[in-house]
>>> print(open('run.cif').read())   # mmCIF, C-alpha atoms
data_query
#
loop_
_atom_site.group_PDB
_atom_site.id
_atom_site.type_symbol
_atom_site.label_atom_id
_atom_site.label_comp_id
_atom_site.auth_asym_id
_atom_site.auth_seq_id
_atom_site.Cartn_x
_atom_site.Cartn_y
_atom_site.Cartn_z
ATOM 1 C CA ILE A 1 307.738 271.428 165.443
ATOM 2 C CA PRO A 2 309.581 271.360 168.809
ATOM 3 C CA TRP A 3 307.913 268.657 170.917
ATOM 4 C CA ASP A 4 307.430 271.031 173.874
ATOM 5 C CA VAL A 5 305.910 273.876 171.833
ATOM 6 C CA SER A 6 302.792 275.453 173.345
ATOM 7 C CA GLN A 7 299.702 276.936 171.726
ATOM 8 C CA ASN A 8 300.871 280.370 172.885
ATOM 9 C CA ASP A 9 304.195 279.804 171.106
ATOM 10 C CA VAL A 10 302.336 278.996 167.874
ATOM 11 C CA ARG A 11 299.911 281.900 168.340
ATOM 12 C CA HIS A 12 302.767 284.380 168.765
ATOM 13 C CA PHE A 13 304.605 282.841 165.793
ATOM 14 C CA PHE A 14 301.599 283.628 163.574
ATOM 15 C CA SER A 15 300.687 286.914 165.257
ATOM 16 C CA SER A 16 300.433 288.764 161.922
ATOM 17 C CA SER A 17 297.587 286.511 160.753
ATOM 18 C CA ARG A 18 294.104 286.402 162.254
ATOM 19 C CA SER A 19 292.479 283.304 163.738
ATOM 20 C CA PRO A 20 288.758 282.689 164.410
ATOM 21 C CA SER A 21 287.376 284.279 167.587
ATOM 22 C CA ILE A 22 287.130 281.992 170.618
ATOM 23 C CA SER A 23 283.549 283.254 170.947
ATOM 24 C CA THR A 24 282.632 281.298 167.829
ATOM 25 C CA TYR A 25 285.320 278.612 167.550
ATOM 26 C CA ALA A 26 286.666 276.829 170.624
ATOM 27 C CA GLN A 27 290.165 276.035 169.296
ATOM 28 C CA SER A 28 291.944 276.851 166.049
ATOM 29 C CA ILE A 29 295.449 275.553 166.918
ATOM 30 C CA HIS A 30 295.792 271.781 166.963
ATOM 31 C CA ILE A 31 299.033 270.265 168.282
ATOM 32 C CA MET A 32 298.250 266.578 168.267
ATOM 33 C CA MET A 33 299.944 263.804 170.224
ATOM 34 C CA ASP A 34 300.189 260.036 170.275
ATOM 35 C CA ARG A 35 297.273 259.109 172.521
ATOM 36 C CA THR A 36 299.114 256.258 174.197
ATOM 37 C CA THR A 37 302.521 257.807 174.909
ATOM 38 C CA GLY A 38 301.617 261.491 175.052
ATOM 39 C CA LYS A 39 304.378 262.231 172.520
ATOM 40 C CA THR A 40 303.779 265.314 170.384
ATOM 41 C CA LEU A 41 303.420 264.562 166.667
ATOM 42 C CA SER A 42 305.706 266.323 164.203
ATOM 43 C CA ASP A 43 303.144 268.734 162.718
ATOM 44 C CA ALA A 44 300.875 271.417 164.151
ATOM 45 C CA TYR A 45 297.697 272.495 162.369
ATOM 46 C CA VAL A 46 296.463 276.093 162.478
ATOM 47 C CA GLU A 47 293.118 277.322 161.189
ATOM 48 C CA PHE A 48 293.005 280.955 160.098
ATOM 49 C CA LEU A 49 290.121 283.376 159.772
ATOM 50 C CA THR A 50 290.434 283.800 156.003
ATOM 51 C CA VAL A 51 292.361 282.359 153.073
ATOM 52 C CA GLY A 52 294.225 285.666 152.964
ATOM 53 C CA ASP A 53 295.389 285.205 156.555
ATOM 54 C CA MET A 54 296.563 281.700 155.719
ATOM 55 C CA ARG A 55 298.527 282.902 152.696
ATOM 56 C CA ARG A 56 300.104 285.683 154.748
ATOM 57 C CA ALA A 57 301.175 283.120 157.338
ATOM 58 C CA ILE A 58 302.814 280.948 154.683
ATOM 59 C CA GLU A 59 304.531 283.899 152.990
ATOM 60 C CA THR A 60 305.900 285.447 156.181
ATOM 61 C CA ARG A 61 306.623 282.462 158.462
ATOM 62 C CA HIS A 62 307.866 279.665 156.185
ATOM 63 C CA GLN A 63 311.397 278.558 157.137
ATOM 64 C CA LYS A 64 311.431 280.814 160.211
ATOM 65 C CA PRO A 65 312.501 279.710 163.723
ATOM 66 C CA LEU A 66 309.900 278.510 166.215
ATOM 67 C CA LYS A 67 311.463 278.018 169.643
ATOM 68 C CA GLY A 68 314.860 277.749 167.988
ATOM 69 C CA ARG A 69 313.820 275.248 165.304
ATOM 70 C CA ILE A 70 313.349 276.168 161.644
ATOM 71 C CA VAL A 71 309.855 275.094 160.607
ATOM 72 C CA SER A 72 308.126 274.676 157.267
ATOM 73 C CA VAL A 73 304.706 276.278 156.808
ATOM 74 C CA SER A 74 302.428 274.931 154.099
ATOM 75 C CA GLU A 75 298.733 274.739 153.250
ATOM 76 C CA CYS A 76 296.773 271.646 154.188
ATOM 77 C CA THR A 77 293.161 270.578 153.878
ATOM 78 C CA GLN A 78 290.396 269.954 156.393
ATOM 79 C CA GLU A 79 290.528 266.306 155.294
ATOM 80 C CA GLU A 80 294.160 266.077 156.422
ATOM 81 C CA LEU A 81 293.411 267.751 159.755
ATOM 82 C CA LEU A 82 290.400 265.533 160.453
ATOM 83 C CA GLY A 83 292.447 262.456 159.579
ATOM 84 C CA VAL A 84 294.960 263.423 162.275
ATOM 85 C CA VAL A 85 292.323 264.302 164.898
ATOM 86 C CA PHE A 86 290.465 261.020 164.243
ATOM 87 C CA PRO A 87 293.288 258.641 163.215
ATOM 88 C CA LYS A 88 291.472 255.365 163.920
ATOM 89 C CA TRP A 89 288.234 256.190 162.154
ATOM 90 C CA ARG A 90 287.804 253.918 159.142
ATOM 91 C CA GLY A 91 285.711 256.277 157.032
ATOM 92 C CA THR A 92 286.899 259.222 154.938
ATOM 93 C CA PHE A 93 286.352 262.979 154.962
ATOM 94 C CA TYR A 94 285.281 265.390 152.254
ATOM 95 C CA GLY A 95 285.893 268.924 153.474
ATOM 96 C CA THR A 96 284.433 268.947 156.976
ATOM 97 C CA CYS A 97 281.926 266.196 156.166
ATOM 98 C CA ALA A 98 282.437 262.584 157.187
ATOM 99 C CA ILE A 99 281.754 259.730 154.774
ATOM 100 C CA PRO A 100 281.098 256.521 156.759
ATOM 101 C CA PRO A 101 283.000 253.333 155.985
ATOM 102 C CA ALA A 102 281.286 250.699 153.861
ATOM 103 C CA SER A 103 279.094 248.195 155.709
ATOM 104 C CA ASP A 104 281.509 245.318 155.103
ATOM 105 C CA VAL A 105 284.316 247.390 156.677
ATOM 106 C CA VAL A 106 282.146 248.138 159.724
ATOM 107 C CA LYS A 107 281.283 244.444 160.105
ATOM 108 C CA SER A 108 284.982 243.561 160.064
ATOM 109 C CA MET A 109 285.800 246.055 162.837
ATOM 110 C CA SER A 110 286.003 245.052 166.481
ATOM 111 C CA THR A 111 283.046 245.793 168.724
ATOM 112 C CA ALA A 112 285.294 248.042 170.839
ATOM 113 C CA ALA A 113 285.952 250.190 167.757
ATOM 114 C CA GLY A 114 282.233 250.464 167.020
ATOM 115 C CA GLY A 115 282.099 247.659 164.454
ATOM 116 C CA GLY A 116 279.822 244.670 164.183
ATOM 117 C CA ASN A 117 276.229 244.491 163.027
ATOM 118 C CA SER A 118 274.726 247.407 164.941
ATOM 119 C CA GLY A 119 273.886 249.275 161.736
ATOM 120 C CA CYS A 120 275.275 252.506 163.218
ATOM 121 C CA CYS A 121 278.176 254.573 161.977
ATOM 122 C CA PRO A 122 281.211 253.767 164.160
ATOM 123 C CA PRO A 123 282.291 256.555 166.542
ATOM 124 C CA PHE A 124 284.984 258.941 165.342
ATOM 125 C CA ILE A 125 287.102 258.207 168.413
ATOM 126 C CA THR A 126 287.176 254.779 170.063
ATOM 127 C CA ARG A 127 286.699 254.012 173.742
ATOM 128 C CA GLU A 128 290.319 252.840 173.800
ATOM 129 C CA GLU A 129 291.504 256.238 172.515
ATOM 130 C CA ILE A 130 289.314 258.045 175.049
ATOM 131 C CA ASN A 131 290.700 255.958 177.903
ATOM 132 C CA SER A 132 294.286 256.536 176.712
ATOM 133 C CA LEU A 133 293.748 260.297 176.537
ATOM 134 C CA LEU A 134 292.320 260.347 180.041
ATOM 135 C CA VAL A 135 295.271 258.350 181.393
ATOM 136 C CA VAL A 136 297.677 260.936 179.958
ATOM 137 C CA CYS A 137 295.545 263.768 181.398
ATOM 138 C CA LYS A 138 295.642 262.180 184.826
ATOM 139 C CA ASN A 139 299.331 261.208 184.804
ATOM 140 C CA TYR A 140 300.904 263.632 182.331
ATOM 141 C CA LYS A 141 304.220 263.664 184.247
ATOM 142 C CA LEU A 142 304.742 259.980 183.423
ATOM 143 C CA HIS A 143 304.392 260.602 179.685
ATOM 144 C CA PHE A 144 306.122 262.614 176.982
ATOM 145 C CA SER A 145 303.634 265.410 177.695
ATOM 146 C CA ARG A 146 305.298 266.249 181.025
ATOM 147 C CA LYS A 147 307.044 269.281 179.471
ATOM 148 C CA CYS A 148 303.732 270.548 178.115
ATOM 149 C CA ALA A 149 301.042 269.588 180.592
ATOM 150 C CA GLU A 150 298.320 271.235 178.515
ATOM 151 C CA ARG A 151 298.808 268.911 175.523
ATOM 152 C CA PRO A 152 296.388 266.033 176.360
ATOM 153 C CA PHE A 153 293.685 268.456 177.490
ATOM 154 C CA GLU A 154 294.046 270.539 174.331
ATOM 155 C CA ASN A 155 293.799 267.324 172.283
ATOM 156 C CA ILE A 156 290.399 266.741 173.866
ATOM 157 C CA ILE A 157 289.375 270.278 172.878
ATOM 158 C CA SER A 158 290.484 269.505 169.308
ATOM 159 C CA VAL A 159 288.331 266.358 169.279
ATOM 160 C CA ILE A 160 285.268 268.291 170.448
ATOM 161 C CA THR A 161 285.916 271.245 168.118
ATOM 162 C CA LYS A 162 286.405 269.104 165.009
ATOM 163 C CA TYR A 163 283.790 266.390 165.710
ATOM 164 C CA PRO A 164 281.257 266.509 162.830
ATOM 165 C CA TRP A 165 278.342 267.332 165.109
ATOM 166 C CA HIS A 166 276.443 268.821 162.139
ATOM 167 C CA GLN A 167 276.011 265.297 160.743
ATOM 168 C CA THR A 168 273.541 264.268 163.415
ATOM 169 C CA HIS A 169 272.544 261.083 161.581
ATOM 170 C CA LEU A 170 276.056 259.683 162.138
ATOM 171 C CA ILE A 171 276.171 260.314 165.885
ATOM 172 C CA THR A 172 274.282 258.251 168.457
ATOM 173 C CA THR A 173 273.368 259.435 171.939
ATOM 174 C CA MET A 174 275.940 256.969 173.286
ATOM 175 C CA HIS A 175 278.702 258.479 171.101
ATOM 176 C CA ARG A 176 277.806 261.950 172.360
ATOM 177 C CA ASP A 177 277.748 260.834 175.976
ATOM 178 C CA HIS A 178 281.170 259.178 175.677
ATOM 179 C CA ILE A 179 282.636 262.480 174.432
ATOM 180 C CA TYR A 180 280.859 264.357 177.215
ATOM 181 C CA GLU A 181 282.184 261.988 179.888
ATOM 182 C CA MET A 182 285.704 262.317 178.461
ATOM 183 C CA LEU A 183 285.490 266.095 178.779
ATOM 184 C CA LYS A 184 284.004 265.996 182.285
ATOM 185 C CA LEU A 185 286.665 263.570 183.540
ATOM 186 C CA SER A 186 289.434 265.654 181.981
ATOM 187 C CA ILE A 187 288.112 268.732 183.806
ATOM 188 C CA GLU A 188 288.170 266.761 187.062
ATOM 189 C CA SER A 189 291.795 265.714 186.403
ATOM 190 C CA LEU A 190 292.789 269.286 185.607
ATOM 191 C CA LYS A 191 291.132 270.569 188.786
ATOM 192 C CA THR A 192 293.202 268.052 190.772
ATOM 193 C CA HIS A 193 296.430 269.234 189.104
ATOM 194 C CA LEU A 194 295.583 272.908 189.635
ATOM 195 C CA SER A 195 295.041 272.323 193.359
ATOM 196 C CA LYS A 196 298.763 271.567 193.737
ATOM 197 C CA ASP A 197 301.127 274.498 194.202
ATOM 198 C CA TYR A 198 304.010 273.102 192.166
ATOM 199 C CA VAL A 199 302.051 272.531 188.951
ATOM 200 C CA GLN A 200 302.709 274.954 186.095
ATOM 201 C CA ILE A 201 299.732 274.831 183.776
ATOM 202 C CA ASP A 202 298.355 277.600 181.564
ATOM 203 C CA SER A 203 295.830 279.476 183.692
ATOM 204 C CA THR A 204 293.374 279.719 180.778
ATOM 205 C CA LEU A 205 293.145 275.952 180.222
ATOM 206 C CA LEU A 206 290.247 275.259 182.602
ATOM 207 C CA GLU A 207 288.056 277.875 180.963
ATOM 208 C CA ARG A 208 289.072 276.705 177.480
ATOM 209 C CA LEU A 209 288.112 273.103 178.272
ATOM 210 C CA THR A 210 284.770 274.187 179.713
ATOM 211 C CA ARG A 211 284.166 276.598 176.847
ATOM 212 C CA ALA A 212 284.552 273.742 174.339
ATOM 213 C CA GLY A 213 281.782 271.840 176.116
ATOM 214 C CA ILE A 214 279.445 274.826 176.360
ATOM 215 C CA MET A 215 279.873 275.518 172.640
ATOM 216 C CA CYS A 216 279.240 271.902 171.638
ATOM 217 C CA PRO A 217 275.921 271.951 169.733
ATOM 218 C CA THR A 218 274.946 268.419 170.777
ATOM 219 C CA PHE A 219 275.510 268.454 174.549
ATOM 220 C CA THR A 220 272.308 269.007 176.502
ATOM 221 C CA GLU A 221 271.692 272.051 178.695
ATOM 222 C CA ARG A 222 271.951 269.807 181.752
ATOM 223 C CA GLN A 223 275.314 268.437 180.573
ATOM 224 C CA LYS A 224 276.636 271.955 179.999
ATOM 225 C CA MET A 225 275.518 273.110 183.461
ATOM 226 C CA THR A 226 277.219 270.050 184.988
ATOM 227 C CA LEU A 227 280.473 270.981 183.223
ATOM 228 C CA LEU A 228 280.300 274.482 184.715
ATOM 229 C CA GLN A 229 279.654 273.011 188.166
ATOM 230 C CA THR A 230 282.540 270.543 187.768
ATOM 231 C CA ALA A 231 284.919 273.331 186.710
ATOM 232 C CA ARG A 232 283.461 275.664 189.371
ATOM 233 C CA ILE A 233 283.419 278.600 187.019
ATOM 234 C CA ASP A 234 280.713 280.855 185.642
ATOM 235 C CA CYS A 235 279.815 280.637 181.987
ATOM 236 C CA PRO A 236 281.931 283.153 180.016
ATOM 237 C CA PRO A 237 279.547 286.002 179.075
ATOM 238 C CA ASP A 238 280.349 285.842 175.362
ATOM 239 C CA ILE A 239 278.979 282.292 175.031
ATOM 240 C CA LEU A 240 275.921 282.498 177.298
ATOM 241 C CA SER A 241 273.736 282.015 174.231
ATOM 242 C CA TYR A 242 275.096 278.451 173.864
ATOM 243 C CA LEU A 243 273.426 277.467 177.134
ATOM 244 C CA VAL A 244 269.928 278.006 175.780
#
>>> encode(input="run.cif", output="structure tokens")
Amino acid sequence: IPWDVSQNDVRHFFSSSRSPSISTYAQSIHIMMDRTTGKTLSDAYVEFLTVGDMRRAIETRHQKPLKGRIVSVSECTQEELLGVVFPKWRGTFYGTCAIPPASDVVKSMSTAAGGGNSGCCPPFITREEINSLLVVCKNYKLHFSRKCAERPFENIISVITKYPWHQTHLITTMHRDHIYEMLKLSIESLKTHLSKDYVQIDSTLLERLTRAGIMCPTFTERQKMTLLQTARIDCPPDILSYLV
């Protein structure tokens, strides 16, 4: 894909195929980046509403131009997508379910990566990755993401959307709170950028970031209210039920 492609570019490219509603799924287009440099990776991942929509996308858009570049469109699995969203996690995935690494692998991992003898499943994203993402969010003009300022923020939405929250036994309160803090700090960075007249950032990004947090099944009601206060927006009416 072109390294400066936006989610809107991809959405328009696949306009003949349906994607999940944002009322039920925070983000279905995943354009991932290197978390240290901000450089866009070579593939984008798109989740469609049905298998039929996916097949239509492949049949009609394969070897067609996206922002002037001919792109290949092929089917991939949830395992592949999760492996890209969580590249440093040492376990494996089966469908959308995570299979933790063996205990000897966890013991060999650094403490910073969630290893050691804690007996807990290591987090799906390390503190180092979180810090790197936040640095790119704060200083996107110094990184490869300067031509697409939304990229690091949308990567955070992908992390929250694809995190296996349904496997509660693998996620500690500390893991959850680290993800929450990452989201809150990214909202604060985005608010700072948006306060400057010369910044060109998709006007929907602030709501999309906040929406991802409201829809997260593991964040507490207090955490969700704090996200709304940080963003200084009202909860979108279609996801009010997620606040309860």
>>> residues_around(input="run.cif", residues="segment 221-229 of chain A", least_positions_apart="4", cutoff="7 Å", atoms="only C-alpha atoms", output="count of residues only")
9
>>> resolve_selection(input="run.cif", expression="the PyMOL selection byres ((chain A and resi 164-174) around 12)", output="MDAnalysis selection string")
chainID A and resid 78:79 82 85:86 91 93:101 114 118:127 158:163 175:181 215:220
>>> closest_atom_pairs(input="run.cif", of="segment 138-223 of chain A", to="segment 20-43 of chain A", cutoff="8 Å", atoms="all atoms listed in the file", output="JSON lines")
{"residue": "A:Tyr140", "atom": "CA", "partner": "A:Gly38", "partner_atom": "CA", "distance": 7.6}
{"residue": "A:His143", "atom": "CA", "partner": "A:Gly38", "partner_atom": "CA", "distance": 5.5}
{"residue": "A:Phe144", "atom": "CA", "partner": "A:Lys39", "partner_atom": "CA", "distance": 4.8}
{"residue": "A:Ser145", "atom": "CA", "partner": "A:Gly38", "partner_atom": "CA", "distance": 5.1}
{"residue": "A:Arg151", "atom": "CA", "partner": "A:Ile31", "partner_atom": "CA", "distance": 7.4}
{"residue": "A:Pro152", "atom": "CA", "partner": "A:Gly38", "partner_atom": "CA", "distance": 7.0}
{"residue": "A:Glu154", "atom": "CA", "partner": "A:His30", "partner_atom": "CA", "distance": 7.7}
{"residue": "A:Asn155", "atom": "CA", "partner": "A:Met32", "partner_atom": "CA", "distance": 6.0}
{"residue": "A:Ile157", "atom": "CA", "partner": "A:Gln27", "partner_atom": "CA", "distance": 6.8}
{"residue": "A:Ser158", "atom": "CA", "partner": "A:His30", "partner_atom": "CA", "distance": 6.2}
{"residue": "A:Thr161", "atom": "CA", "partner": "A:Ala26", "partner_atom": "CA", "distance": 6.2}
{"residue": "A:Arg208", "atom": "CA", "partner": "A:Ala26", "partner_atom": "CA", "distance": 7.3}
{"residue": "A:Arg211", "atom": "CA", "partner": "A:Ala26", "partner_atom": "CA", "distance": 6.7}
{"residue": "A:Ala212", "atom": "CA", "partner": "A:Ala26", "partner_atom": "CA", "distance": 5.3}
{"residue": "A:Met215", "atom": "CA", "partner": "A:Ala26", "partner_atom": "CA", "distance": 7.2}
>>> resolve_selection(input="run.cif", expression="the PyMOL selection byres ((chain A and resi 69) around 12)", output="compact mmCIF listing (two decimals) with C-alpha atoms, in the coordinates of the input")
# COMPACT_ATOMS: atom_id res chain seq x y z
CA ILE A 1 307.74 271.43 165.44
CA PRO A 2 309.58 271.36 168.81
CA TRP A 3 307.91 268.66 170.92
CA ASP A 4 307.43 271.03 173.87
CA VAL A 5 305.91 273.88 171.83
CA PHE A 13 304.60 282.84 165.79
CA HIS A 62 307.87 279.67 156.18
CA GLN A 63 311.40 278.56 157.14
CA LYS A 64 311.43 280.81 160.21
CA PRO A 65 312.50 279.71 163.72
CA LEU A 66 309.90 278.51 166.22
CA LYS A 67 311.46 278.02 169.64
CA GLY A 68 314.86 277.75 167.99
CA ILE A 70 313.35 276.17 161.64
CA VAL A 71 309.86 275.09 160.61
CA SER A 72 308.13 274.68 157.27
>>> residues_around(input="run.cif", residues="Asp53 of chain A", least_positions_apart="6", cutoff="8 Å", atoms="all atoms listed in the file", output="number ranges by chain")
A: 17-19
>>> atom_distance(input="run.cif", atom1="atom CA of Ile58 of chain A", atom2="atom CA of Glu150 of chain A")
26.1 Å
>>> atom_distance(input="run.cif", atom1="atom CA of Lys138 of chain A", atom2="atom CA of Thr192 of chain A")
8.7 Å
>>> resolve_selection(input="run.cif", expression="the PyMOL selection byres ((chain A and resi 203) around 12)", output="PyMOL selection string")
chain A and resi 8+149-150+190-191+193-194+199-202+204-209
>>> atom_distance(input="run.cif", atom1="atom CA of Arg55 of chain A", atom2="atom CA of Asp9 of chain A")
19.5 Å
>>> axis_aligned_box(input="run.cif", around="segment 221-228 of chain A", padding_each_side="5 Å", output="lines of an AutoDock Vina configuration file")
center_x = 276.1
center_y = 271.5
center_z = 181.8
size_x = 18.8
size_y = 16.0
size_z = 16.3
>>> decode(input="run.cif", residues="segment 143-213 of chain A", atoms="C-alpha atoms", output="PDB file, in the first residue's frame")
ATOM      1  CA  HIS A 143       8.459  10.385  12.322  1.00  0.00           C
ATOM      2  CA  PHE A 144       7.428   8.694   9.094  1.00  0.00           C
ATOM      3  CA  SER A 145       3.809   9.273  10.133  1.00  0.00           C
ATOM      4  CA  ARG A 146       4.056  13.022   9.464  1.00  0.00           C
ATOM      5  CA  LYS A 147       2.201  12.624   6.138  1.00  0.00           C
ATOM      6  CA  CYS A 148      -0.593  10.727   7.874  1.00  0.00           C
ATOM      7  CA  ALA A 149      -0.960  12.164  11.351  1.00  0.00           C
ATOM      8  CA  GLU A 150      -3.828   9.818  12.190  1.00  0.00           C
ATOM      9  CA  ARG A 151      -1.711   6.656  11.852  1.00  0.00           C
ATOM     10  CA  PRO A 152      -0.356   6.232  15.432  1.00  0.00           C
ATOM     11  CA  PHE A 153      -3.737   7.072  16.955  1.00  0.00           C
ATOM     12  CA  GLU A 154      -5.522   4.604  14.682  1.00  0.00           C
ATOM     13  CA  ASN A 155      -2.946   1.962  15.666  1.00  0.00           C
ATOM     14  CA  ILE A 156      -4.032   2.444  19.270  1.00  0.00           C
ATOM     15  CA  ILE A 157      -7.659   1.952  18.202  1.00  0.00           C
ATOM     16  CA  SER A 158      -6.614  -1.280  16.461  1.00  0.00           C
ATOM     17  CA  VAL A 159      -4.935  -2.506  19.658  1.00  0.00           C
ATOM     18  CA  ILE A 160      -8.064  -1.820  21.713  1.00  0.00           C
ATOM     19  CA  THR A 161     -10.428  -3.256  19.081  1.00  0.00           C
ATOM     20  CA  LYS A 162      -8.474  -6.491  18.621  1.00  0.00           C
ATOM     21  CA  TYR A 163      -7.364  -7.063  22.246  1.00  0.00           C
ATOM     22  CA  PRO A 164      -8.849 -10.423  23.352  1.00  0.00           C
ATOM     23  CA  TRP A 165     -10.887  -8.874  26.148  1.00  0.00           C
ATOM     24  CA  HIS A 166     -13.258 -11.878  26.082  1.00  0.00           C
ATOM     25  CA  GLN A 167     -10.471 -14.016  27.572  1.00  0.00           C
ATOM     26  CA  THR A 168     -10.661 -12.351  30.961  1.00  0.00           C
ATOM     27  CA  HIS A 169      -8.469 -14.984  32.624  1.00  0.00           C
ATOM     28  CA  LEU A 170      -5.500 -13.815  30.521  1.00  0.00           C
ATOM     29  CA  ILE A 171      -5.811 -10.122  31.369  1.00  0.00           C
ATOM     30  CA  THR A 172      -4.821  -8.606  34.709  1.00  0.00           C
ATOM     31  CA  THR A 173      -6.132  -5.323  36.075  1.00  0.00           C
ATOM     32  CA  MET A 174      -2.659  -3.870  35.492  1.00  0.00           C
ATOM     33  CA  HIS A 175      -2.723  -4.902  31.802  1.00  0.00           C
ATOM     34  CA  ARG A 176      -6.120  -3.254  31.394  1.00  0.00           C
ATOM     35  CA  ASP A 177      -5.005  -0.080  33.129  1.00  0.00           C
ATOM     36  CA  HIS A 178      -1.899   0.206  30.936  1.00  0.00           C
ATOM     37  CA  ILE A 179      -4.110   0.079  27.823  1.00  0.00           C
ATOM     38  CA  TYR A 180      -6.482   2.615  29.363  1.00  0.00           C
ATOM     39  CA  GLU A 181      -3.643   5.010  30.206  1.00  0.00           C
ATOM     40  CA  MET A 182      -2.269   4.656  26.668  1.00  0.00           C
ATOM     41  CA  LEU A 183      -5.645   5.658  25.247  1.00  0.00           C
ATOM     42  CA  LYS A 184      -6.120   8.556  27.673  1.00  0.00           C
ATOM     43  CA  LEU A 185      -2.643   9.953  26.968  1.00  0.00           C
ATOM     44  CA  SER A 186      -3.171   9.629  23.219  1.00  0.00           C
ATOM     45  CA  ILE A 187      -6.409  11.621  23.527  1.00  0.00           C
ATOM     46  CA  GLU A 188      -4.510  14.313  25.434  1.00  0.00           C
ATOM     47  CA  SER A 189      -1.851  14.436  22.679  1.00  0.00           C
ATOM     48  CA  LEU A 190      -4.508  14.663  19.983  1.00  0.00           C
ATOM     49  CA  LYS A 191      -6.285  17.484  21.822  1.00  0.00           C
ATOM     50  CA  THR A 192      -2.984  19.398  21.887  1.00  0.00           C
ATOM     51  CA  HIS A 193      -2.507  18.910  18.128  1.00  0.00           C
ATOM     52  CA  LEU A 194      -6.093  19.926  17.350  1.00  0.00           C
ATOM     53  CA  SER A 195      -5.672  23.180  19.283  1.00  0.00           C
ATOM     54  CA  LYS A 196      -3.168  24.365  16.657  1.00  0.00           C
ATOM     55  CA  ASP A 197      -4.535  26.014  13.525  1.00  0.00           C
ATOM     56  CA  TYR A 198      -2.002  24.571  11.093  1.00  0.00           C
ATOM     57  CA  VAL A 199      -2.622  20.908  11.924  1.00  0.00           C
ATOM     58  CA  GLN A 200      -4.544  18.872   9.351  1.00  0.00           C
ATOM     59  CA  ILE A 201      -6.010  15.876  11.119  1.00  0.00           C
ATOM     60  CA  ASP A 202      -9.201  13.981  10.290  1.00  0.00           C
ATOM     61  CA  SER A 203     -11.971  15.701  12.238  1.00  0.00           C
ATOM     62  CA  THR A 204     -13.528  12.354  13.214  1.00  0.00           C
ATOM     63  CA  LEU A 205     -10.390  11.013  14.919  1.00  0.00           C
ATOM     64  CA  LEU A 206     -11.097  12.357  18.418  1.00  0.00           C
ATOM     65  CA  GLU A 207     -14.526  10.759  18.522  1.00  0.00           C
ATOM     66  CA  ARG A 208     -13.177   7.505  17.064  1.00  0.00           C
ATOM     67  CA  LEU A 209     -10.477   7.276  19.745  1.00  0.00           C
ATOM     68  CA  THR A 210     -12.992   7.974  22.503  1.00  0.00           C
ATOM     69  CA  ARG A 211     -15.523   5.594  20.980  1.00  0.00           C
ATOM     70  CA  ALA A 212     -12.970   2.756  21.125  1.00  0.00           C
ATOM     71  CA  GLY A 213     -12.590   3.322  24.864  1.00  0.00           C
TER      72      GLY A 213
END
